[in-house]
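Structure data follow from data_25.cif (mmCIF, C-alpha atoms and all ligand atoms):
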data_target
loop_
_atom_site.label_atom_id
_atom_site.label_comp_id
_atom_site.auth_asym_id
_atom_site.auth_seq_id
_atom_site.Cartn_x
_atom_site.Cartn_y
_atom_site.Cartn_z
CA MET P 19 116.24 125.26 133.94
CA ASN P 20 114.60 122.48 131.97
CA GLN P 21 113.71 119.32 133.82
CA ILE P 22 114.26 116.02 132.13
CA LEU P 23 112.95 112.67 133.30
CA VAL P 24 115.15 109.73 132.37
CA VAL P 25 113.35 106.39 132.38
CA GLU P 26 115.95 103.65 132.23
CA ASP P 27 116.59 100.55 134.33
CA GLU P 28 120.30 100.19 133.59
CA GLU P 29 122.21 101.97 136.29
CA SER P 30 125.33 102.61 134.24
CA ILE P 31 123.37 104.26 131.44
CA CYS P 32 121.42 106.35 133.95
CA GLY P 33 124.68 107.53 135.44
CA ILE P 34 126.12 108.55 132.10
CA LEU P 35 122.94 110.30 131.02
CA LYS P 36 122.63 112.15 134.31
CA TYR P 37 126.23 113.31 134.10
CA GLN P 38 125.94 114.48 130.50
CA LEU P 39 122.62 116.21 130.96
CA GLU P 40 123.58 117.98 134.16
CA ARG P 41 126.75 119.20 132.52
CA SER P 42 124.53 120.77 129.88
CA ASN P 43 122.49 122.50 132.55
CA TYR P 44 119.46 120.28 132.66
CA GLN P 45 117.87 119.09 135.86
CA VAL P 46 117.60 115.34 135.84
CA ALA P 47 115.21 112.96 137.58
CA ILE P 48 115.44 109.22 137.16
CA ALA P 49 112.80 106.51 137.11
CA VAL P 50 113.93 102.89 136.92
CA ASP P 51 110.69 101.40 135.66
CA GLY P 52 107.51 102.41 133.90
CA GLU P 53 105.24 102.51 136.93
CA GLN P 54 107.58 104.82 138.75
CA ALA P 55 107.90 107.01 135.65
CA ILE P 56 104.14 107.41 135.30
CA ALA P 57 103.72 108.15 139.01
CA MET P 58 106.46 110.79 138.83
CA MET P 59 104.96 112.41 135.75
CA LYS P 60 101.56 112.58 137.36
CA GLN P 61 103.06 114.23 140.40
CA SER P 62 105.16 116.90 138.72
CA PRO P 63 105.52 118.06 135.13
CA TYR P 64 108.75 117.55 133.20
CA ASP P 65 109.90 119.43 130.14
CA LEU P 66 111.01 116.32 128.33
CA VAL P 67 111.18 112.55 128.86
CA LEU P 68 113.91 110.18 127.71
CA LEU P 69 112.17 106.83 127.65
CA ASP P 70 114.03 103.56 127.27
CA LEU P 71 112.17 100.90 125.33
CA MET P 72 113.38 97.89 127.27
CA LEU P 73 112.12 98.28 130.81
CA PRO P 74 111.04 95.74 133.43
CA TYR P 75 107.31 95.05 134.04
CA LYS P 76 106.03 97.60 131.58
CA ASP P 77 107.97 98.40 128.42
CA GLY P 78 108.52 101.79 126.84
CA PHE P 79 105.69 101.27 124.38
CA GLU P 80 103.15 100.82 127.14
CA VAL P 81 104.55 103.67 129.17
CA CYS P 82 104.36 106.00 126.18
CA ARG P 83 100.79 105.03 125.47
CA GLU P 84 99.76 105.63 129.07
CA VAL P 85 101.57 108.95 129.35
CA ARG P 86 99.83 110.20 126.23
CA GLN P 87 96.51 109.84 128.01
CA PHE P 88 97.37 112.63 130.38
CA SER P 89 100.38 114.49 129.02
CA MET P 90 101.73 115.86 125.75
CA VAL P 91 105.28 116.20 127.11
CA PRO P 92 107.94 115.65 124.42
CA ILE P 93 109.09 112.02 124.57
CA ILE P 94 112.30 110.74 123.03
CA MET P 95 112.45 106.96 122.89
CA LEU P 96 115.78 105.24 123.45
CA THR P 97 115.96 102.17 121.28
CA ALA P 98 118.61 99.49 121.16
CA ARG P 99 118.25 98.26 117.64
CA ASP P 100 117.25 99.59 114.28
CA THR P 101 114.46 97.04 114.14
CA GLU P 102 112.92 98.72 117.15
CA VAL P 103 112.86 101.99 115.26
CA ASP P 104 110.39 100.44 112.84
CA LYS P 105 108.20 99.59 115.79
CA VAL P 106 108.46 103.03 117.31
CA LEU P 107 107.42 104.55 114.01
CA GLY P 108 104.94 101.86 113.13
CA LEU P 109 103.03 101.72 116.37
CA GLU P 110 102.33 105.41 116.34
CA LEU P 111 102.49 105.72 120.07
CA GLY P 112 102.82 109.42 120.17
CA ALA P 113 106.56 109.51 120.84
CA ASP P 114 108.11 112.64 119.39
CA ASP P 115 111.45 111.24 118.49
CA TYR P 116 113.89 108.40 119.05
CA VAL P 117 117.59 107.76 119.27
CA THR P 118 119.26 104.44 118.68
CA LYS P 119 121.79 103.10 121.18
CA PRO P 120 124.68 103.56 121.24
CA PHE P 121 124.31 107.29 120.75
CA SER P 122 126.81 110.04 121.26
CA ALA P 123 126.25 112.74 123.84
CA ARG P 124 126.32 115.28 121.06
CA GLU P 125 123.58 113.56 119.12
CA LEU P 126 121.38 113.13 122.15
CA LEU P 127 121.80 116.73 123.25
CA ALA P 128 120.94 117.95 119.77
CA ARG P 129 117.74 115.92 119.84
CA ILE P 130 116.83 117.19 123.28
CA LYS P 131 117.40 120.76 122.25
CA ALA P 132 115.34 120.36 119.11
CA ASN P 133 112.48 118.81 121.05
CA LEU P 134 112.55 121.50 123.69
CA ARG P 135 112.29 124.32 121.19
CA ARG P 136 108.58 124.60 121.62
CA GLN P 137 108.34 128.15 120.47
CA SER P 138 110.75 127.96 117.57
CA VAL P 139 108.21 127.46 114.84
CA ALA P 140 105.73 129.80 116.49
CA THR P 141 108.18 132.68 116.50
CA GLU P 142 109.32 132.20 112.95
CA ASP P 143 109.66 135.23 110.79
CA THR P 144 106.65 135.17 108.53
CA ASP P 145 103.76 137.51 108.03
CA THR P 146 101.66 135.37 110.33
CA THR P 147 104.11 135.77 113.20
CA LYS P 148 101.99 138.23 115.07
CA LYS P 149 98.80 136.31 114.75
CA GLU P 150 97.96 134.22 117.75
CA LYS P 151 95.39 132.08 116.02
CA LEU P 152 95.15 130.64 112.55
CA GLN P 153 91.76 129.64 111.27
CA PHE P 154 91.14 127.37 108.29
CA GLY P 155 87.53 126.34 107.89
CA GLU P 156 86.63 124.25 110.93
CA LEU P 157 90.23 124.07 112.03
CA MET P 158 91.79 126.54 114.42
CA ILE P 159 95.39 126.61 115.53
CA ASP P 160 96.04 128.55 118.71
CA ILE P 161 99.72 129.36 118.57
CA LYS P 162 100.08 130.72 122.06
CA LEU P 163 98.26 127.91 123.77
CA MET P 164 99.68 125.33 121.36
CA GLN P 165 96.22 123.96 120.82
CA VAL P 166 94.41 122.62 117.81
CA LEU P 167 90.63 122.84 117.71
CA ARG P 168 88.07 121.63 115.25
CA ASN P 169 84.66 123.24 115.66
CA ASN P 170 85.89 124.50 119.02
CA VAL P 171 86.67 121.02 120.29
CA GLU P 172 90.29 120.52 121.24
CA ILE P 173 92.22 117.84 119.39
CA LEU P 174 95.10 116.39 121.38
CA VAL P 175 98.30 116.52 119.39
CA THR P 176 101.87 115.90 120.42
CA HIS P 177 104.44 118.62 120.45
CA ARG P 178 105.94 117.38 117.18
CA GLU P 179 102.58 117.03 115.48
CA PHE P 180 101.76 120.57 116.51
CA GLU P 181 105.01 121.95 115.15
CA LEU P 182 104.57 120.19 111.84
CA LEU P 183 100.98 121.35 111.47
CA LEU P 184 101.85 124.92 112.35
CA TYR P 185 104.80 124.96 110.00
CA LEU P 186 102.73 123.77 107.06
CA ALA P 187 99.78 126.01 107.96
CA LYS P 188 102.02 129.06 108.03
CA HIS P 189 102.97 128.47 104.42
CA PRO P 190 99.71 127.54 102.70
CA GLY P 191 100.14 126.19 99.20
CA VAL P 192 103.89 125.76 99.55
CA VAL P 193 105.07 122.20 98.91
CA PHE P 194 107.77 120.97 101.28
CA SER P 195 109.83 117.87 100.65
CA ARG P 196 110.19 115.36 103.48
CA GLU P 197 113.84 116.25 103.72
CA GLN P 198 113.03 119.93 104.14
CA LEU P 199 110.44 119.20 106.78
CA LEU P 200 112.89 117.07 108.73
CA GLN P 201 115.35 119.89 108.68
CA ASP P 202 112.96 122.72 109.47
CA VAL P 203 110.52 121.07 111.85
CA TRP P 204 112.68 118.44 113.48
CA GLY P 205 115.35 121.05 113.54
CA TYR P 206 118.67 119.28 113.18
CA ASP P 207 120.51 117.04 110.79
CA TYR P 208 118.22 114.15 111.18
CA LEU P 209 119.88 110.77 111.23
CA GLY P 210 116.67 108.85 110.93
CA ASP P 211 114.75 108.61 107.74
CA GLU P 212 111.93 110.32 105.98
CA ARG P 213 109.33 107.82 107.11
CA THR P 214 109.24 109.86 110.30
CA VAL P 215 107.56 112.64 108.33
CA ASP P 216 105.07 110.28 106.70
CA VAL P 217 104.12 108.76 110.04
CA THR P 218 103.65 112.14 111.68
CA VAL P 219 101.54 113.39 108.76
CA ARG P 220 99.42 110.24 108.92
CA ARG P 221 98.87 110.66 112.65
CA LEU P 222 97.95 114.30 112.18
CA ARG P 223 95.51 113.48 109.43
CA GLU P 224 93.83 110.88 111.60
CA LYS P 225 93.35 113.54 114.23
CA ILE P 226 92.41 116.64 112.26
CA GLU P 227 90.82 115.42 109.04
CA ARG P 228 87.22 114.31 108.65
CA ASP P 229 88.36 111.73 106.13
CA PRO P 230 92.07 111.01 106.60
CA GLY P 231 92.19 109.16 103.29
CA ASN P 232 90.89 112.21 101.48
CA PRO P 233 92.36 115.10 103.44
CA ASP P 234 91.19 118.72 103.39
CA TYR P 235 94.12 120.31 105.18
CA ILE P 236 97.39 118.50 104.75
CA LEU P 237 97.72 117.49 101.13
CA THR P 238 100.21 115.31 99.32
CA ARG P 239 101.95 116.39 96.16
CA ARG P 240 102.99 113.08 94.71
CA GLY P 241 106.72 112.70 94.29
CA ALA P 242 107.34 116.07 95.92
CA GLY P 243 106.06 116.27 99.46
CA TYR P 244 103.33 117.85 101.55
CA TYR P 245 101.55 121.16 101.63
CA PHE P 246 98.78 122.89 103.50
CA ARG P 247 95.62 123.81 101.65
CA ARG P 248 95.30 127.32 100.34
CA ASP P 249 91.94 128.98 100.86
CA CA D 301 116.72 99.20 129.62
#
Written form, structure tokens:
Amino acid sequence: MNQILVVEDEESICGILKYQLERSNYQVAIAVDGEQAIAMMKQSPYDLVLLDLMLPYKDGFEVCREVRQFSMVPIIMLTARDTEVDKVLGLELGADDYVTKPFSARELLARIKANLRRQSVATEDTDTTKKEKLQFGELMIDIKLMQVLRNNVEILVTHREFELLLYLAKHPGVVFSREQLLQDVWGYDYLGDERTVDVTVRRLREKIERDPGNPDYILTRRGAGYYFRRD
């Protein structure tokens, strides 16, 4: 059973989330502020975190940033306004996803499911399925361990960044539109916009490329989308 940590200070919302998640067979733990959330995450691992942006003492942005220093757990940010979405995307905190309040149970559950599907891309039906490691120059993607290494040094990537990288790397030379990537990597009818893809690509490039402005691995086809280099 997957364990979800809900970080939210509003009791009524916690109650609703707990009820909906438990009904969908998730185990739910609740933290009412950021400090408590971080302490709980350090003590025991969770499969996914729902992180409210507006929290007392320490807001969701800070919590996300701190969590990323020790954990790559999938994080879905709960935001109250569309303007906050810009911040979530713009600040590049390492959150995997976001939903805007008010959200329907159906939407939230779809997002949770999509973010929990860690192995989905890895088990895709391509000729590289059976390979456990993909090597491209200095870059190595270890599918089983979900690790990315450059010259044998691990690069910390989030779950979503990993899935996007792996998806592109499994289809070298194939150009994918942002819309396609949202559908295939994010894995549901995405209600957000295509900037999510751009931001995730930018973050990935900053991590894996020697010169993010002049990338070797993830390339842009202007007006069309992104593709992985072909050796
Ligand atoms: Ca709140």
- Item | Non-local contacts of Glu40 (chain P) (12 Å; all atoms listed in the file; under 6 positions in same chain excluded) as number ranges by chain | P: 19-24, 32-34, 46-47, 123, 127
For the contact check between chain P and ligand CA 301 (chain D), emit one row per residue of chain P within 8 Å, containing the shortest atom pair and the distance in Å rounded to one decimal, counting only C-alpha atoms and all ligand atoms, chain then rising number order, as a Markdown table.
| residue | atom | partner | partner_atom | distance |
| --- | --- | --- | --- | --- |
| P:Glu26 | CA | D:CA301 | CA | 5.2 |
| P:Asp27 | CA | D:CA301 | CA | 4.9 |
| P:Glu28 | CA | D:CA301 | CA | 5.4 |
| P:Asp70 | CA | D:CA301 | CA | 5.6 |
| P:Leu71 | CA | D:CA301 | CA | 6.5 |
| P:Met72 | CA | D:CA301 | CA | 4.3 |
| P:Leu73 | CA | D:CA301 | CA | 4.8 |
| P:Pro74 | CA | D:CA301 | CA | 7.7 |
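Comparing P:Arg239, P:Arg228, P:Arg129, P:Arg248 by their smallest distance to Lys188 (chain P), the closest is P:Arg248 (using all atoms listed in the file).
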- Note on the structure: Residue with the minimum atom-to-atom distance to Glu125 (chain P), picked from P:Ile31, P:Pro233, P:Gln38, P:His189 with all atoms listed in the file counted, is P:Gln38
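If all atoms listed in the file are the atoms counted, then among P:Gly231, P:Gly243, P:Pro92, P:Gly191 the closest residue to Leu66 (chain P) is P:Pro92.
Closest to Tyr235 (chain P) among P:His177, P:Lys36, P:Arg168, P:Arg135 is P:Arg168, based on all atoms listed in the file.
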- Item | For Leu167 (chain P): contacts at 7 Å, all atoms listed in the file, fewer than 4 positions along chain excluded, given as a PyMOL selection string | chain P and resi 157-159+171-173
- Here CA of Val91 (chain P) and CA of Leu174 (chain P) stand apart by 11.7 Å
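Neighbours of Asn232 (chain P) closer than or equal to 12 Å, with only C-alpha atoms counted and sequence neighbours fewer than 6 positions away skipped, come out as Arg220, Arg223, Glu224, Ile226 and Thr238 of chain P.
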- Task: Write out as a ChimeraX atom specification which residues come within 12 Å of Lys131 (chain P) when counting all atoms listed in the file, dropping same-chain ones fewer than 3 positions away.
- Result: /P:20,22,39,42-44,65-66,92,94,115,124-128,134-138,204-206
Just need region 67-89 of chain P in a file, please: N, CA, C and O atoms, as a CSV table (one decimal), in the first residue's frame.
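Everything below was put into decode_39.csv:
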chain,number,residue,atom,x,y,z
P,67,VAL,N,4.3,13.0,-1.6
P,67,VAL,CA,3.9,14.0,-0.7
P,67,VAL,C,3.0,15.0,-1.4
P,67,VAL,O,3.3,15.5,-2.5
P,68,LEU,N,1.9,15.3,-0.7
P,68,LEU,CA,1.0,16.4,-1.2
P,68,LEU,C,1.4,17.6,-0.3
P,68,LEU,O,1.2,17.6,0.9
P,69,LEU,N,1.9,18.6,-0.9
P,69,LEU,CA,2.4,19.8,-0.1
P,69,LEU,C,1.7,21.0,-0.4
P,69,LEU,O,1.7,21.6,-1.5
P,70,ASP,N,1.0,21.5,0.6
P,70,ASP,CA,0.3,22.8,0.4
P,70,ASP,C,1.3,23.9,0.4
P,70,ASP,O,2.3,23.9,1.1
P,71,LEU,N,1.0,25.0,-0.4
P,71,LEU,CA,1.9,26.1,-0.5
P,71,LEU,C,1.8,27.0,0.7
P,71,LEU,O,2.8,27.5,1.2
P,72,MET,N,0.6,27.3,1.1
P,72,MET,CA,0.4,28.2,2.2
P,72,MET,C,0.4,27.5,3.5
P,72,MET,O,-0.6,26.9,3.9
P,73,LEU,N,1.5,27.5,4.2
P,73,LEU,CA,1.7,26.9,5.5
P,73,LEU,C,2.2,27.9,6.5
P,73,LEU,O,2.9,28.8,6.2
P,74,PRO,N,1.9,27.6,7.8
P,74,PRO,CA,2.5,28.5,8.8
P,74,PRO,C,4.0,28.3,9.0
P,74,PRO,O,4.5,27.2,8.7
P,75,TYR,N,4.7,29.3,9.5
P,75,TYR,CA,6.1,29.3,9.8
P,75,TYR,C,7.0,29.2,8.5
P,75,TYR,O,7.9,30.0,8.2
P,76,LYS,N,6.8,28.1,7.8
P,76,LYS,CA,7.7,27.8,6.7
P,76,LYS,C,6.8,27.4,5.5
P,76,LYS,O,6.0,26.5,5.6
P,77,ASP,N,6.8,28.2,4.4
P,77,ASP,CA,5.8,27.8,3.4
P,77,ASP,C,6.3,26.7,2.5
P,77,ASP,O,7.4,26.1,2.7
P,78,GLY,N,5.4,26.3,1.6
P,78,GLY,CA,5.6,25.1,0.8
P,78,GLY,C,6.9,25.2,-0.1
P,78,GLY,O,7.5,24.2,-0.3
P,79,PHE,N,7.2,26.4,-0.5
P,79,PHE,CA,8.4,26.6,-1.3
P,79,PHE,C,9.6,26.1,-0.5
P,79,PHE,O,10.5,25.4,-1.0
P,80,GLU,N,9.7,26.7,0.7
P,80,GLU,CA,10.9,26.4,1.6
P,80,GLU,C,10.9,24.9,1.9
P,80,GLU,O,12.0,24.3,1.9
P,81,VAL,N,9.8,24.3,2.2
P,81,VAL,CA,9.7,22.9,2.6
P,81,VAL,C,10.2,22.1,1.4
P,81,VAL,O,11.1,21.2,1.6
P,82,CYS,N,9.8,22.4,0.2
P,82,CYS,CA,10.1,21.6,-1.0
P,82,CYS,C,11.7,21.7,-1.2
P,82,CYS,O,12.3,20.7,-1.4
P,83,ARG,N,12.2,22.9,-1.0
P,83,ARG,CA,13.6,23.1,-1.2
P,83,ARG,C,14.4,22.2,-0.2
P,83,ARG,O,15.4,21.6,-0.6
P,84,GLU,N,14.0,22.2,1.0
P,84,GLU,CA,14.7,21.5,2.1
P,84,GLU,C,14.6,20.0,1.8
P,84,GLU,O,15.5,19.2,2.0
P,85,VAL,N,13.4,19.5,1.5
P,85,VAL,CA,13.2,18.1,1.2
P,85,VAL,C,14.1,17.6,0.1
P,85,VAL,O,14.7,16.5,0.2
P,86,ARG,N,14.2,18.4,-0.9
P,86,ARG,CA,15.0,18.0,-2.1
P,86,ARG,C,16.5,17.8,-1.7
P,86,ARG,O,17.3,17.2,-2.5
P,87,GLN,N,16.9,18.3,-0.5
P,87,GLN,CA,18.3,18.1,-0.1
P,87,GLN,C,18.5,16.7,0.4
P,87,GLN,O,19.7,16.2,0.4
P,88,PHE,N,17.5,16.0,0.7
P,88,PHE,CA,17.7,14.6,1.2
P,88,PHE,C,16.8,13.6,0.6
P,88,PHE,O,16.9,12.4,0.9
P,89,SER,N,15.8,14.0,-0.2
P,89,SER,CA,14.9,13.1,-0.8
P,89,SER,C,14.4,13.4,-2.1
P,89,SER,O,14.2,14.6,-2.4
